[in-house]
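Structure data (TSV, C-alpha atoms (C1' of nucleotides)) from final_34.tsv:
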chain	number	residue	atom	x	y	z
K	1119	MET	CA	-17.05	17.22	6.49
K	1120	PRO	CA	-18.67	18.18	3.14
K	1121	ALA	CA	-20.40	15.41	1.17
K	1122	LEU	CA	-18.10	13.45	-1.12
K	1123	ARG	CA	-18.33	14.00	-4.85
K	1124	SER	CA	-19.55	10.96	-6.77
K	1125	ASP	CA	-16.24	10.16	-8.47
K	1126	ALA	CA	-14.39	10.59	-5.21
K	1127	ALA	CA	-16.73	8.17	-3.46
K	1128	ARG	CA	-16.20	5.65	-6.26
K	1129	SER	CA	-12.40	5.92	-6.02
K	1130	ARG	CA	-12.48	5.57	-2.26
K	1131	ALA	CA	-14.64	2.44	-2.49
K	1132	ARG	CA	-12.40	0.85	-5.14
K	1133	ILE	CA	-9.29	1.51	-3.07
K	1134	LEU	CA	-10.81	0.02	0.06
K	1135	GLU	CA	-12.05	-3.00	-1.87
K	1136	VAL	CA	-8.59	-3.67	-3.27
K	1137	ALA	CA	-6.88	-2.99	0.06
K	1138	ARG	CA	-9.08	-5.56	1.75
K	1139	ARG	CA	-7.46	-8.26	-0.39
K	1140	HIS	CA	-4.01	-7.39	1.01
K	1141	ASP	CA	-2.18	-8.08	4.22
K	1142	PRO	CA	-2.92	-5.06	6.46
K	1143	GLY	CA	0.70	-5.08	7.56
K	1144	THR	CA	2.26	-4.52	4.13
K	1145	LEU	CA	0.10	-2.09	2.19
K	1146	ARG	CA	1.96	-0.55	-0.76
K	1147	PHE	CA	0.13	2.49	-2.02
K	1148	ASN	CA	1.54	2.42	-5.55
K	1149	GLU	CA	0.46	-1.17	-5.97
K	1150	LEU	CA	-3.00	-0.50	-4.58
K	1151	ALA	CA	-3.34	2.40	-7.02
K	1152	ARG	CA	-2.45	0.22	-9.97
K	1153	GLU	CA	-4.81	-2.56	-8.94
K	1154	ALA	CA	-7.65	-0.15	-8.23
K	1155	GLY	CA	-7.15	1.62	-11.55
K	1156	VAL	CA	-6.56	5.04	-10.01
K	1157	GLY	CA	-3.53	7.29	-9.73
K	1158	VAL	CA	-1.20	7.15	-6.75
K	1159	GLY	CA	-2.14	10.68	-5.88
K	1160	THR	CA	-5.75	9.64	-5.45
K	1161	VAL	CA	-4.80	7.01	-2.91
K	1162	TYR	CA	-2.66	9.45	-0.93
K	1163	ARG	CA	-5.39	12.09	-1.04
K	1164	HIS	CA	-8.01	9.76	0.41
K	1165	PHE	CA	-5.64	8.21	2.93
K	1166	PRO	CA	-2.75	10.50	3.85
K	1167	THR	CA	-1.08	7.82	5.96
K	1168	THR	CA	-1.12	4.06	6.09
K	1169	HIS	CA	-2.78	4.30	9.45
K	1170	ALA	CA	-5.68	6.27	7.97
K	1171	LEU	CA	-6.29	3.46	5.50
K	1172	VAL	CA	-6.05	0.78	8.17
K	1173	GLU	CA	-8.53	2.75	10.21
K	1174	ALA	CA	-11.00	2.91	7.33
K	1175	LEU	CA	-10.60	-0.82	6.77
K	1176	ALA	CA	-11.19	-1.61	10.43
K	1177	TRP	CA	-14.11	0.77	10.82
K	1178	GLU	CA	-16.92	-1.75	10.31
K	1179	THR	CA	-15.33	-4.21	12.69
K	1180	LEU	CA	-14.87	-1.46	15.23
K	1181	GLU	CA	-18.58	-0.69	15.05
K	1182	ARG	CA	-19.37	-4.35	15.66
K	1183	LEU	CA	-17.12	-4.31	18.71
K	1184	GLN	CA	-18.93	-1.21	19.92
K	1185	VAL	CA	-22.31	-2.97	19.70
K	1186	LEU	CA	-21.01	-6.11	21.37
K	1187	THR	CA	-19.48	-4.04	24.16
K	1188	ARG	CA	-22.87	-2.45	24.79
K	1189	GLU	CA	-24.40	-5.90	25.03
K	1190	ALA	CA	-21.72	-7.01	27.46
K	1191	VAL	CA	-22.43	-3.95	29.61
K	1192	ALA	CA	-26.10	-4.99	29.70
K	1193	GLU	CA	-25.20	-8.51	30.87
K	1194	PRO	CA	-25.96	-8.75	34.60
K	1195	ASP	CA	-23.42	-11.45	35.56
K	1196	PRO	CA	-19.96	-9.81	35.65
K	1197	GLY	CA	-18.16	-13.08	34.98
K	1198	VAL	CA	-20.22	-13.78	31.89
K	1199	ALA	CA	-19.91	-10.17	30.75
K	1200	ILE	CA	-16.15	-10.21	30.85
K	1201	ALA	CA	-15.90	-13.61	29.21
K	1202	ASN	CA	-18.16	-12.46	26.39
K	1203	LEU	CA	-16.35	-9.19	25.91
K	1204	LEU	CA	-12.85	-10.63	25.84
K	1205	GLY	CA	-14.06	-13.46	23.63
K	1206	THR	CA	-15.60	-11.19	21.04
K	1207	ALA	CA	-12.70	-8.77	21.19
K	1208	LEU	CA	-10.27	-11.58	20.48
K	1209	GLU	CA	-12.48	-12.96	17.75
K	1210	LEU	CA	-12.85	-9.63	15.98
K	1211	GLN	CA	-9.15	-8.79	16.26
K	1212	LEU	CA	-8.32	-12.10	14.62
K	1213	GLU	CA	-10.85	-11.49	11.89
K	1214	GLU	CA	-9.66	-7.98	11.08
K	1215	GLY	CA	-5.91	-7.67	11.43
K	1216	GLY	CA	-6.04	-3.88	11.36
K	1217	LEU	CA	-8.17	-3.67	14.47
K	1218	GLN	CA	-5.32	-4.06	16.95
K	1219	PRO	CA	-3.30	-1.08	15.70
K	1220	VAL	CA	-6.43	1.04	15.66
K	1221	LEU	CA	-7.35	0.11	19.21
K	1222	LEU	CA	-3.81	0.69	20.46
K	1223	SER	CA	-3.03	3.89	18.58
K	1224	PRO	CA	-3.23	6.72	21.10
K	1225	GLU	CA	-4.41	9.47	18.76
K	1226	ASP	CA	-4.66	10.90	15.23
K	1227	GLU	CA	-7.87	9.04	14.43
K	1228	ALA	CA	-10.97	10.17	12.59
K	1229	ASP	CA	-13.66	11.59	14.87
K	1230	ASP	CA	-16.07	8.67	14.60
K	1231	VAL	CA	-13.26	6.22	15.31
K	1232	ARG	CA	-12.26	8.19	18.37
K	1233	ALA	CA	-15.86	8.27	19.61
K	1234	ALA	CA	-16.33	4.53	19.13
K	1235	LYS	CA	-13.07	3.79	20.89
K	1236	ARG	CA	-14.07	6.00	23.79
K	1237	GLU	CA	-17.38	4.20	24.23
K	1238	ILE	CA	-15.69	0.82	24.06
K	1239	VAL	CA	-13.08	1.74	26.65
K	1240	THR	CA	-15.70	3.22	28.95
K	1241	GLY	CA	-17.85	0.11	28.74
K	1242	PHE	CA	-14.82	-2.04	29.27
K	1243	GLU	CA	-13.91	-0.10	32.40
K	1244	ALA	CA	-17.45	-0.47	33.78
K	1245	ILE	CA	-17.42	-4.22	33.25
K	1246	LEU	CA	-13.96	-4.57	34.76
K	1247	ASP	CA	-15.00	-2.56	37.82
K	1248	ARG	CA	-18.03	-4.73	38.37
K	1249	ALA	CA	-16.00	-7.88	37.89
K	1250	ARG	CA	-13.41	-6.68	40.38
K	1251	ALA	CA	-16.14	-5.81	42.88
K	1252	ALA	CA	-17.72	-9.23	42.45
K	1253	GLY	CA	-14.32	-10.84	43.04
K	1254	VAL	CA	-14.26	-12.72	39.76
K	1255	ILE	CA	-11.01	-11.19	38.48
K	1256	ARG	CA	-7.69	-10.18	39.98
K	1257	PRO	CA	-7.99	-6.75	41.62
K	1258	ASP	CA	-4.56	-5.52	40.53
K	1259	LEU	CA	-5.18	-5.21	36.79
K	1260	THR	CA	-5.77	-2.01	34.88
K	1261	VAL	CA	-7.94	-1.76	31.77
K	1262	ALA	CA	-4.83	-1.14	29.70
K	1263	GLN	CA	-3.18	-4.30	30.99
K	1264	VAL	CA	-6.20	-6.43	30.12
K	1265	GLU	CA	-6.33	-4.87	26.65
K	1266	HIS	CA	-2.68	-5.71	26.20
K	1267	LEU	CA	-3.32	-9.27	27.30
K	1268	VAL	CA	-5.98	-9.68	24.64
K	1269	CYS	CA	-3.54	-8.32	22.05
K	1270	GLY	CA	-0.93	-10.76	23.33
K	1271	MET	CA	-3.36	-13.62	22.94
K	1272	GLU	CA	-4.15	-12.50	19.42
K	1273	HIS	CA	-0.43	-12.62	18.71
K	1274	ALA	CA	-0.17	-16.10	20.22
K	1275	VAL	CA	-3.07	-17.43	18.15
K	1276	ARG	CA	-1.61	-15.97	14.96
K	1277	LEU	CA	1.63	-17.86	15.53
K	1278	GLY	CA	-0.25	-21.17	15.25
K	1279	ASP	CA	-2.88	-22.42	12.81
K	1280	ALA	CA	-5.47	-20.02	14.24
K	1281	THR	CA	-8.13	-22.72	13.98
K	1282	ASP	CA	-8.42	-23.68	17.63
K	1283	ARG	CA	-8.42	-20.41	19.47
K	1284	THR	CA	-10.61	-21.75	22.30
K	1285	PRO	CA	-7.81	-22.88	24.61
K	1286	TYR	CA	-6.16	-19.49	24.38
K	1287	LEU	CA	-9.29	-17.67	25.50
K	1288	GLU	CA	-9.85	-20.18	28.31
K	1289	ILE	CA	-6.27	-19.73	29.48
K	1290	LEU	CA	-6.64	-15.98	29.52
K	1291	LEU	CA	-9.91	-16.09	31.43
K	1292	ALA	CA	-8.57	-18.63	33.91
K	1293	GLY	CA	-5.46	-16.54	34.43
K	1294	LEU	CA	-7.47	-13.44	35.17
K	1295	ARG	CA	-9.35	-15.01	38.08
K	1296	PRO	CA	-8.02	-14.14	41.54
K	1297	ALA	CA	-5.65	-16.60	43.20
Q	22	MET	CA	34.07	-23.18	8.63
Q	23	PRO	CA	37.68	-21.89	8.17
Q	24	ALA	CA	39.03	-19.50	10.81
Q	25	LEU	CA	38.21	-15.84	10.24
Q	26	ARG	CA	40.90	-13.53	9.02
Q	27	SER	CA	41.88	-10.88	11.58
Q	28	ASP	CA	40.42	-7.89	9.72
Q	29	ALA	CA	37.22	-9.84	9.04
Q	30	ALA	CA	36.84	-10.65	12.73
Q	31	ARG	CA	37.33	-6.99	13.57
Q	32	SER	CA	34.66	-5.86	11.08
Q	33	ARG	CA	32.23	-8.46	12.31
Q	34	ALA	CA	32.67	-7.38	15.91
Q	35	ARG	CA	32.25	-3.70	15.07
Q	36	ILE	CA	29.05	-4.40	13.14
Q	37	LEU	CA	27.58	-6.46	15.97
Q	38	GLU	CA	28.53	-3.83	18.51
Q	39	VAL	CA	26.80	-1.10	16.52
Q	40	ALA	CA	23.76	-3.27	15.74
Q	41	ARG	CA	23.25	-3.90	19.45
Q	42	ARG	CA	22.51	-0.21	19.91
Q	43	HIS	CA	19.59	-0.42	17.46
Q	44	ASP	CA	16.04	-1.69	17.56
Q	45	PRO	CA	16.26	-5.32	16.34
Q	46	GLY	CA	13.08	-4.74	14.36
Q	47	THR	CA	14.40	-1.96	12.13
Q	48	LEU	CA	17.99	-2.69	11.24
Q	49	ARG	CA	19.16	-0.68	8.24
Q	50	PHE	CA	22.33	-2.16	6.80
Q	51	ASN	CA	23.51	1.04	5.13
Q	52	GLU	CA	23.21	2.94	8.38
Q	53	LEU	CA	24.96	0.21	10.37
Q	54	ALA	CA	27.79	0.28	7.86
Q	55	ARG	CA	28.23	4.02	8.20
Q	56	GLU	CA	28.16	3.91	11.99
Q	57	ALA	CA	30.52	0.95	12.14
Q	58	GLY	CA	32.95	2.64	9.75
Q	59	VAL	CA	32.86	-0.18	7.21
Q	60	GLY	CA	31.41	-0.51	3.71
Q	61	VAL	CA	27.88	-1.75	3.09
Q	62	GLY	CA	29.27	-4.71	1.23
Q	63	THR	CA	31.09	-5.82	4.34
Q	64	VAL	CA	27.89	-5.89	6.31
Q	65	TYR	CA	26.07	-7.90	3.66
Q	66	ARG	CA	28.97	-10.33	3.36
Q	67	HIS	CA	29.01	-11.09	7.06
Q	68	PHE	CA	25.22	-11.20	7.34
Q	69	PRO	CA	23.51	-12.05	4.06
Q	70	THR	CA	20.06	-11.48	5.52
Q	71	THR	CA	18.63	-9.47	8.37
Q	72	HIS	CA	17.72	-12.71	10.05
Q	73	ALA	CA	21.35	-13.82	10.05
Q	74	LEU	CA	22.30	-10.66	11.91
Q	75	VAL	CA	19.45	-11.02	14.39
Q	76	GLU	CA	20.57	-14.57	15.00
Q	77	ALA	CA	24.12	-13.47	15.73
Q	78	LEU	CA	22.84	-10.80	18.10
Q	79	ALA	CA	20.61	-13.26	19.94
Q	80	TRP	CA	23.21	-16.00	20.14
Q	81	GLU	CA	24.50	-15.23	23.64
Q	82	THR	CA	21.00	-14.96	25.02
Q	83	LEU	CA	20.07	-18.22	23.34
Q	84	GLU	CA	22.98	-19.91	25.09
Q	85	ARG	CA	21.78	-18.57	28.42
Q	86	LEU	CA	18.32	-19.96	27.72
Q	87	GLN	CA	19.91	-23.29	26.90
Q	88	VAL	CA	21.68	-23.39	30.27
Q	89	LEU	CA	18.58	-22.34	32.16
Q	90	THR	CA	16.53	-24.97	30.39
Q	91	ARG	CA	19.00	-27.61	31.52
Q	92	GLU	CA	18.60	-26.39	35.08
Q	93	ALA	CA	14.82	-26.53	34.79
Q	94	VAL	CA	15.06	-30.09	33.52
Q	95	ALA	CA	17.08	-30.95	36.62
Q	96	GLU	CA	14.44	-29.46	38.92
Q	97	PRO	CA	12.46	-32.31	40.52
Q	98	ASP	CA	9.15	-30.50	41.12
Q	99	PRO	CA	7.38	-30.20	37.73
Q	100	GLY	CA	5.38	-27.16	38.83
Q	101	VAL	CA	8.50	-25.29	39.89
Q	102	ALA	CA	10.33	-26.40	36.76
Q	103	ILE	CA	7.72	-25.05	34.42
Q	104	ALA	CA	7.34	-21.80	36.34
Q	105	ASN	CA	11.10	-21.27	36.25
Q	106	LEU	CA	11.40	-22.12	32.59
Q	107	LEU	CA	8.55	-19.93	31.40
Q	108	GLY	CA	9.71	-17.13	33.68
Q	109	THR	CA	13.26	-17.13	32.37
Q	110	ALA	CA	12.10	-17.54	28.79
Q	111	LEU	CA	9.86	-14.50	29.13
Q	112	GLU	CA	12.61	-12.57	30.86
Q	113	LEU	CA	15.22	-13.32	28.22
Q	114	GLN	CA	12.87	-12.60	25.33
Q	115	LEU	CA	12.11	-9.20	26.83
Q	116	GLU	CA	15.80	-8.50	27.33
Q	117	GLU	CA	16.83	-9.49	23.80
Q	118	GLY	CA	14.17	-8.51	21.28
Q	119	GLY	CA	15.71	-10.67	18.58
Q	120	LEU	CA	15.23	-13.87	20.54
Q	121	GLN	CA	11.59	-14.38	19.63
Q	122	PRO	CA	12.12	-14.41	15.84
Q	123	VAL	CA	15.06	-16.76	16.27
Q	124	LEU	CA	13.06	-19.17	18.41
Q	125	LEU	CA	10.09	-19.10	16.05
Q	126	SER	CA	11.95	-19.24	12.74
Q	127	PRO	CA	11.55	-22.78	11.43
Q	128	GLU	CA	14.84	-23.12	9.55
Q	129	ASP	CA	17.77	-21.44	7.78
Q	130	GLU	CA	19.76	-21.00	10.97
Q	131	ALA	CA	23.46	-21.46	11.70
Q	132	ASP	CA	24.33	-24.95	12.93
Q	133	ASP	CA	25.04	-23.99	16.53
Q	134	VAL	CA	21.79	-22.05	16.71
Q	135	ARG	CA	19.89	-25.02	15.40
Q	136	ALA	CA	21.55	-27.34	17.93
Q	137	ALA	CA	20.80	-25.02	20.84
Q	138	LYS	CA	17.19	-24.67	19.77
Q	139	ARG	CA	16.83	-28.41	19.49
Q	140	GLU	CA	18.11	-28.95	23.01
Q	141	ILE	CA	15.83	-26.25	24.38
Q	142	VAL	CA	12.76	-27.69	22.69
Q	143	THR	CA	13.60	-31.20	23.84
Q	144	GLY	CA	14.03	-30.07	27.43
Q	145	PHE	CA	10.85	-28.09	27.21
Q	146	GLU	CA	8.97	-31.14	25.98
Q	147	ALA	CA	10.32	-33.24	28.84
Q	148	ILE	CA	9.25	-30.70	31.43
Q	149	LEU	CA	5.84	-30.31	29.86
Q	150	ASP	CA	5.32	-34.07	29.81
Q	151	ARG	CA	6.22	-34.37	33.45
Q	152	ALA	CA	3.96	-31.45	34.34
Q	153	ARG	CA	1.10	-32.98	32.44
Q	154	ALA	CA	1.63	-36.32	34.15
Q	155	ALA	CA	1.70	-34.63	37.55
Q	156	GLY	CA	-1.55	-32.89	36.72
Q	157	VAL	CA	-0.19	-29.38	37.24
Q	158	ILE	CA	-0.98	-28.11	33.74
Q	159	ARG	CA	-3.80	-28.56	31.23
Q	160	PRO	CA	-3.36	-31.82	29.35
Q	161	ASP	CA	-4.50	-30.45	25.98
Q	162	LEU	CA	-1.58	-28.13	25.24
Q	163	THR	CA	1.23	-28.78	22.79
Q	164	VAL	CA	4.76	-27.47	23.24
Q	165	ALA	CA	4.23	-25.14	20.30
Q	166	GLN	CA	1.12	-23.66	21.87
Q	167	VAL	CA	2.91	-22.93	25.12
Q	168	GLU	CA	5.79	-21.36	23.22
Q	169	HIS	CA	3.31	-19.17	21.40
Q	170	LEU	CA	1.70	-18.18	24.68
Q	171	VAL	CA	5.05	-17.00	26.02
Q	172	CYS	CA	5.56	-14.98	22.84
Q	173	GLY	CA	2.09	-13.54	23.26
Q	174	MET	CA	2.91	-12.52	26.80
Q	175	GLU	CA	6.10	-10.89	25.62
Q	176	HIS	CA	4.03	-8.90	23.17
Q	177	ALA	CA	1.57	-7.92	25.89
Q	178	VAL	CA	4.34	-6.73	28.21
Q	179	ARG	CA	5.95	-4.71	25.44
Q	180	LEU	CA	2.71	-2.83	24.87
Q	181	GLY	CA	2.91	-1.44	28.42
Q	182	ASP	CA	5.77	0.08	30.40
Q	183	ALA	CA	7.48	-3.30	30.67
Q	184	THR	CA	8.45	-2.55	34.25
Q	185	ASP	CA	6.00	-4.79	36.09
Q	186	ARG	CA	6.00	-7.99	34.14
Q	187	THR	CA	5.16	-10.11	37.19
Q	188	PRO	CA	1.37	-10.09	36.81
Q	189	TYR	CA	1.67	-11.26	33.22
Q	190	LEU	CA	3.73	-14.29	34.18
Q	191	GLU	CA	1.38	-15.10	37.04
Q	192	ILE	CA	-1.62	-14.89	34.72
Q	193	LEU	CA	0.02	-17.20	32.23
Q	194	LEU	CA	0.95	-19.75	34.88
Q	195	ALA	CA	-2.49	-19.62	36.48
Q	196	GLY	CA	-4.13	-20.02	33.09
Q	197	LEU	CA	-2.08	-23.10	32.29
Q	198	ARG	CA	-3.26	-25.00	35.36
Q	199	PRO	CA	-6.05	-27.53	34.74
Q	200	ALA	CA	-9.65	-26.43	35.40
L	1283	DC	C1'	-28.56	23.01	-21.77
L	1284	DG	C1'	-24.04	25.60	-21.53
L	1285	DC	C1'	-21.08	27.92	-18.29
L	1286	DT	C1'	-18.18	28.37	-14.21
L	1287	DC	C1'	-15.55	26.93	-10.63
L	1288	DA	C1'	-14.10	24.15	-7.02
L	1289	DA	C1'	-13.04	19.39	-6.23
L	1290	DA	C1'	-10.74	15.41	-7.68
L	1291	DC	C1'	-7.65	12.99	-10.76
L	1292	DG	C1'	-3.25	11.07	-12.74
L	1293	DG	C1'	1.30	10.08	-13.07
L	1294	DA	C1'	5.92	12.32	-13.89
L	1295	DT	C1'	9.30	13.10	-10.82
L	1296	DA	C1'	12.26	13.96	-6.85
L	1297	DC	C1'	13.61	11.57	-3.02
L	1298	DA	C1'	14.86	7.61	0.09
L	1299	DT	C1'	16.41	2.98	0.80
L	1300	DC	C1'	18.10	-1.67	-0.57
L	1301	DA	C1'	21.40	-5.03	-2.11
L	1302	DT	C1'	24.97	-6.30	-5.60
L	1303	DC	C1'	29.23	-6.37	-7.85
L	1304	DC	C1'	34.01	-5.82	-8.78
L	1305	DG	C1'	38.60	-3.35	-8.76
L	1306	DG	C1'	41.72	-2.86	-5.43
L	1307	DA	C1'	43.63	-3.29	-0.46
L	1308	DA	C1'	45.18	-6.19	3.12
L	1309	DG	C1'	46.21	-10.39	5.61
L	1310	DT	C1'	48.54	-15.06	5.44
L	1311	DG	C1'	51.83	-18.70	4.41
L	1312	DT	C1'	56.19	-19.76	2.25
A	833	DA	C1'	59.63	-10.36	-0.47
A	834	DC	C1'	56.27	-12.82	-3.13
A	835	DA	C1'	52.20	-14.98	-4.50
A	836	DC	C1'	47.76	-16.07	-3.47
A	837	DT	C1'	43.48	-15.71	-1.19
A	838	DT	C1'	40.30	-13.41	1.46
A	839	DC	C1'	38.09	-9.35	2.44
A	840	DC	C1'	36.99	-4.45	1.86
A	841	DG	C1'	34.63	-0.23	0.05
A	842	DG	C1'	31.29	2.29	-2.00
A	843	DA	C1'	29.53	3.39	-6.81
A	844	DT	C1'	25.58	1.91	-8.83
A	845	DG	C1'	21.15	-0.03	-10.59
A	846	DA	C1'	16.88	-1.60	-8.74
A	847	DT	C1'	12.96	-0.89	-6.03
A	848	DG	C1'	9.74	1.61	-3.51
A	849	DT	C1'	7.71	6.19	-1.39
A	850	DA	C1'	5.32	10.54	-1.41
A	851	DT	C1'	4.57	15.12	-3.59
A	852	DC	C1'	3.22	18.45	-6.82
A	853	DC	C1'	0.85	20.55	-10.48
A	854	DG	C1'	-1.41	20.69	-15.16
A	855	DT	C1'	-5.61	18.48	-16.63
A	856	DT	C1'	-10.18	16.50	-16.18
A	857	DT	C1'	-14.66	15.92	-14.09
A	858	DG	C1'	-18.77	16.66	-11.53
A	859	DA	C1'	-22.18	19.92	-9.37
A	860	DG	C1'	-24.77	24.03	-9.08
A	861	DC	C1'	-26.88	27.85	-11.53
A	862	DG	C1'	-28.80	31.11	-14.93
Turn the structure described in the file into structure tokens.
Amino acid sequence: MPALRSDAARSRARILEVARRHDPGTLRFNELAREAGVGVGTVYRHFPTTHALVEALAWETLERLQVLTREAVAEPDPGVAIANLLGTALELQLEEGGLQPVLLSPEDEADDVRAAKREIVTGFEAILDRARAAGVIRPDLTVAQVEHLVCGMEHAVRLGDATDRTPYLEILLAGLRPA
Amino acid sequence: MPALRSDAARSRARILEVARRHDPGTLRFNELAREAGVGVGTVYRHFPTTHALVEALAWETLERLQVLTREAVAEPDPGVAIANLLGTALELQLEEGGLQPVLLSPEDEADDVRAAKREIVTGFEAILDRARAAGVIRPDLTVAQVEHLVCGMEHAVRLGDATDRTPYLEILLAGLRPA
DNA sequence: CGCTCAAACGGATACATCATCCGGAAGTGT
DNA sequence: ACACTTCCGGATGATGTATCCGTTTGAGCG
């Protein structure tokens, strides 16, 4: 990837800044262009699809999740590790609405996004394996299923006031323990 | 509401029949009209908003949920009652994708829909109260929160193959039990 | 500097989709 | 058969999407 020209970098930054003030679900490129003071073409050139823009918006949050996953991998107690990981994942997904689509999208991402996602999934798998081995979670769950459960919880929290998300996380963690 | 004229009833039925073959999330009125062999205006007259159409599509399923809620209310064991109710709710929501929006929408529904929803919620509250009193579920949960959890689980199941939904229900039920 | 050229810009425009409105067709009651 | 109401159809204006290309701008170089 060749270095960005100065005006291009400026446009990109303005678009992202404006986009951040919008609901990630309903991004209208023409409107973003107007608000950012650039042409529509510029928006489409920087972000060919809506997903590309969502990805760029979620990138910082994804990096934070990557770091926190590493920390969870370093945590010796498998129960604590999984509680921390699911807790932070839920927290970050609620903070950045575009994170869920990025995590779930199977392909078509920028290289750095793909790399970060791979590391996160790998770490997640390691933690889940250890937790299974230690008998602190149900043995019949795949990584994908647990990911989906976190997404489901995000959905549940969003349906309410989103202030007290604690019970939801507790319910998830309690539900994951073996019978 | 005056009785429907015969041609109107026919149009309505054709539209509903066609709509049932589509994803409830992306209903395009113009396309439905073409497929149903009626004019667009006819579709908009019968269903002024997308929500109205979704409601009509979900109506039968809503009635089934109403009946099953009654049965759960009649069940003496609170633990069994709540397991049955949440299980059938999850099942029906997965079967009829339009059910979740109808259940969550706060107003603007047809009278019979509103009545059915009221009965369901009331029954749900009764069961939850009994379950709380019997100490089989966490005491800190509102009806709304539990509803949202079921919706979250629906979302989680939909992200996967949707074939084995059993673990999800088990996890939810286990999570709801007091610590 | 001034020049050159590739990179980036803007927005007119073609295309897709939504939702309304009204002249006319069709059902209903007498 | 007639009159009256309800309902139908789809042309149409409004709204939004995505591309394309002539113009502008920045970066490197003599």
Checklist entry - What residues have an atom no more than 10 Å from (-19.8, 28.4, -14.8) in the file's own frame, counting all atoms listed in the file, and can you write them as number ranges by chain? => result L: 1284-1287; A: 860-862
Saved selection, atoms kept: C-alpha atoms (C1' of nucleotides), as a PDB file, keeping the file's coordinate frame:
ATOM      1  C1'  DG L1284     -24.040  25.600 -21.530  1.00  0.00           C
ATOM      2  C1'  DC L1285     -21.080  27.920 -18.290  1.00  0.00           C
ATOM      3  C1'  DT L1286     -18.180  28.370 -14.210  1.00  0.00           C
ATOM      4  C1'  DC L1287     -15.550  26.930 -10.630  1.00  0.00           C
TER       5       DC L1287
ATOM      6  C1'  DG A 860     -24.770  24.030  -9.080  1.00  0.00           C
ATOM      7  C1'  DC A 861     -26.880  27.850 -11.530  1.00  0.00           C
ATOM      8  C1'  DG A 862     -28.800  31.110 -14.930  1.00  0.00           C
TER       9       DG A 862
END
Checklist entry - Neighbours of region 1301-1310 of chain L within 12 Å (only C-alpha atoms (C1' of nucleotides); same-chain residues fewer than 6 positions away dropped), as an MDAnalysis selection string? => result (chainID Q and resid 24:30 49:51 61:66 68:71) or (chainID A and resid 834:847)
Next on the checklist: Would you compute the distance between CA of Ala1176 (chain K) and C1' of DG848 (chain A)? Give it in Å to one decimal.
Outcome noted: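 Spanning CA of Ala1176 (chain K) to C1' of DG848 (chain A) is a straight-line distance of 25.4 Å.
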Next on the checklist: I want to know what sits within 9 Å of Ala183 (chain Q), based on only C-alpha atoms (C1' of nucleotides), with residues of the same chain fewer than 5 positions away left out; could you give that as a ChimeraX atom specification?
Outcome noted: /Q:115,177-178
Checklist entry - Could you list, as number ranges by chain, every residue of chain Q that has an atom within 12 Å of an atom of chain K, counting all atoms listed in the file? => result Q: 121-122, 124-127, 158-183, 185-200
Expected answer as an mmCIF file with C-alpha atoms (C1' of nucleotides), keeping the file's coordinate frame: chain A residues within 12 Å of chain K, only C-alpha atoms (C1' of nucleotides):
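Output saved as out_34.cif:
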data_model
loop_
_atom_site.group_PDB
_atom_site.id
_atom_site.type_symbol
_atom_site.label_atom_id
_atom_site.label_comp_id
_atom_site.auth_asym_id
_atom_site.auth_seq_id
_atom_site.Cartn_x
_atom_site.Cartn_y
_atom_site.Cartn_z
ATOM 1 C "C1'" DT A 847 12.960 -0.890 -6.030
ATOM 2 C "C1'" DG A 848 9.740 1.610 -3.510
ATOM 3 C "C1'" DT A 849 7.710 6.190 -1.390
ATOM 4 C "C1'" DA A 850 5.320 10.540 -1.410
ATOM 5 C "C1'" DT A 851 4.570 15.120 -3.590
ATOM 6 C "C1'" DC A 852 3.220 18.450 -6.820
ATOM 7 C "C1'" DC A 853 0.850 20.550 -10.480
ATOM 8 C "C1'" DT A 856 -10.180 16.500 -16.180
ATOM 9 C "C1'" DT A 857 -14.660 15.920 -14.090
ATOM 10 C "C1'" DG A 858 -18.770 16.660 -11.530
ATOM 11 C "C1'" DA A 859 -22.180 19.920 -9.370
#
Next on the checklist: Quick check, in Å to one decimal: how far apart do CA of Leu1171 (chain K) and CA of Leu1134 (chain K) lie?
Outcome noted: 7.9 Å
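Across the model, the gap from C1' of DA1290 (chain L) to CA of His1164 (chain K) is 10.2 Å.
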Item to check | Polymer residues at most 12 Å from region 134-143 of chain Q, all atoms listed in the file, same-chain spacing of 3 or more positions, as number ranges by chain | outcome: Q: 73, 75-94, 106-107, 110, 120-121, 123-131, 146-150, 163-165, 167-168
Item to check | Neighbour list for Gly1197 (chain K) as an NGL selection string, cut-off 8 Å, only C-alpha atoms (C1' of nucleotides), skip fewer than 3 positions in-chain | outcome: :K and (1200-1201 or 1249 or 1254)
Item to check | Of the listed residues K:Val1156, K:Ala1252, K:Leu1210, K:Ala1131, that which approaches chain L most closely, counting all atoms listed in the file | outcome: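 Looking at the shortest contact to chain L, the residue is K:Val1156.
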Next on the checklist: Using all atoms listed in the file and a cut-off of 9 Å, which residues of chain L sit close to chain K? Please list them as a ChimeraX atom specification.
Outcome noted: /L:1289-1293
Restricted to C-alpha atoms (C1' of nucleotides), what would the selected residues look like written as a PDB file, in the coordinates of the input?
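Output (result.pdb):
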ATOM      1  C1'  DA L1289     -13.040  19.390  -6.230  1.00  0.00           C
ATOM      2  C1'  DA L1290     -10.740  15.410  -7.680  1.00  0.00           C
ATOM      3  C1'  DC L1291      -7.650  12.990 -10.760  1.00  0.00           C
ATOM      4  C1'  DG L1292      -3.250  11.070 -12.740  1.00  0.00           C
ATOM      5  C1'  DG L1293       1.300  10.080 -13.070  1.00  0.00           C
TER       6       DG L1293
END
